[in-house]
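Okay, structure first, notes after.
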Amino acid sequence: MPEELGYDSVEIPFKYQESMECLYLEGAPKRTRRCCCCLHTRKSKYICAGITFLLLTGLGIASYFCYPRGMPEVKYESMSIPRLINRKAQFGEQWSQSPAMLNMETNIDFRTYNPNLIPIKMNNISLSVYYTSSDLKLKISQGELAQAVTFAPRESTKFTLPLILSFDTSDSRSLALVRDMLDRCGITSRWKQQIALSYEAILDISLLSWTGFKPLISNNMLLDCPLNRDSLLSLLR
């Protein structure tokens, strides 16, 4: 080290060696560091400005299209006439006198409008339906999508949910529900009335499925009874 500083080769006491090393390091040329966007030249300024502009533009476009403009609006459209499932297997020859589960299958058509600018794919929709009246609320049905459905952006989409209606004839509440439904359908009364239902739907959205988050929506709906005397007779045959 002394030779490099221009001194003769002499033995330096150990206590002075540290200060000499500091002097040597201070005299050495310092190396400058470079970064990708150091604005030392006009060219680097243009490059950095271009990269920043492209990033901000891409972020703005993505935010414009992906910004949520609201949840899709779901509206009830129609309900098919229920069909009894395995009537003889459930009740046997004396089915009308045997307390048991009364299961019927039906389809409910919904229409939804997607206000967003990107399509929303539903992997599944799990629906629970409750029959509601002045003093009664009872779960009567549940179902889910037969296949995935995609709600097109800024368009109205129709989809169908297959449901199973279940009534326990050994339960007094279910029997009261059936009587109220027959009355509202005009089968045991002179006038038909709308049936009040409420539902809860769990949405399995493809865009959010990786997070495990499944939104829950609920609403009430009024529908005309799909049954009349003739359809009830054909149902029981």
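As shown in the structure tokens, the chain order sets the letters A, B, ...; within each chain, residues go from 1, and ligands are also counted from 1 in the order they appear.
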Restrict the calculation to only C-alpha atoms, then for each residue of stretch 110-134 of chain A with any atom at most 12 Å from an atom of stretch 164-181 of chain A give the closest atom pair and their distance in Å to one decimal, rows by chain and rising residue number, as CSV.
```
residue,atom,partner,partner_atom,distance
A:Leu127,CA,A:Ile164,CA,10.6
A:Ser128,CA,A:Ile164,CA,10.0
A:Val129,CA,A:Leu165,CA,9.0
A:Tyr130,CA,A:Leu165,CA,10.2
A:Tyr131,CA,A:Leu177,CA,7.7
A:Thr132,CA,A:Leu177,CA,8.9
A:Ser133,CA,A:Asp180,CA,8.5
A:Ser134,CA,A:Asp180,CA,10.7
```
| note | Pairwise distance, atom CA of A:Thr150 with atom CA of A:Ile217, equals 17.8 Å
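Distance-wise, atom CA of A:Thr106 and atom CA of A:Pro82 end up 4.7 Å apart.
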Find the residues of stretch 188-228 of chain A that sit at most 9 Å from stretch 119-122 of chain A; for each, write down the nearest two atoms and how far apart they are in Å, to one decimal. Count only C-alpha atoms. Sort by chain, then by number going up, and give it as JSON lines.
```
{"residue": "A:Leu203", "atom": "CA", "partner": "A:Met122", "partner_atom": "CA", "distance": 7.0}
{"residue": "A:Asp204", "atom": "CA", "partner": "A:Met122", "partner_atom": "CA", "distance": 5.8}
{"residue": "A:Ile205", "atom": "CA", "partner": "A:Met122", "partner_atom": "CA", "distance": 4.7}
{"residue": "A:Ser206", "atom": "CA", "partner": "A:Lys121", "partner_atom": "CA", "distance": 5.5}
{"residue": "A:Leu207", "atom": "CA", "partner": "A:Lys121", "partner_atom": "CA", "distance": 7.4}
```
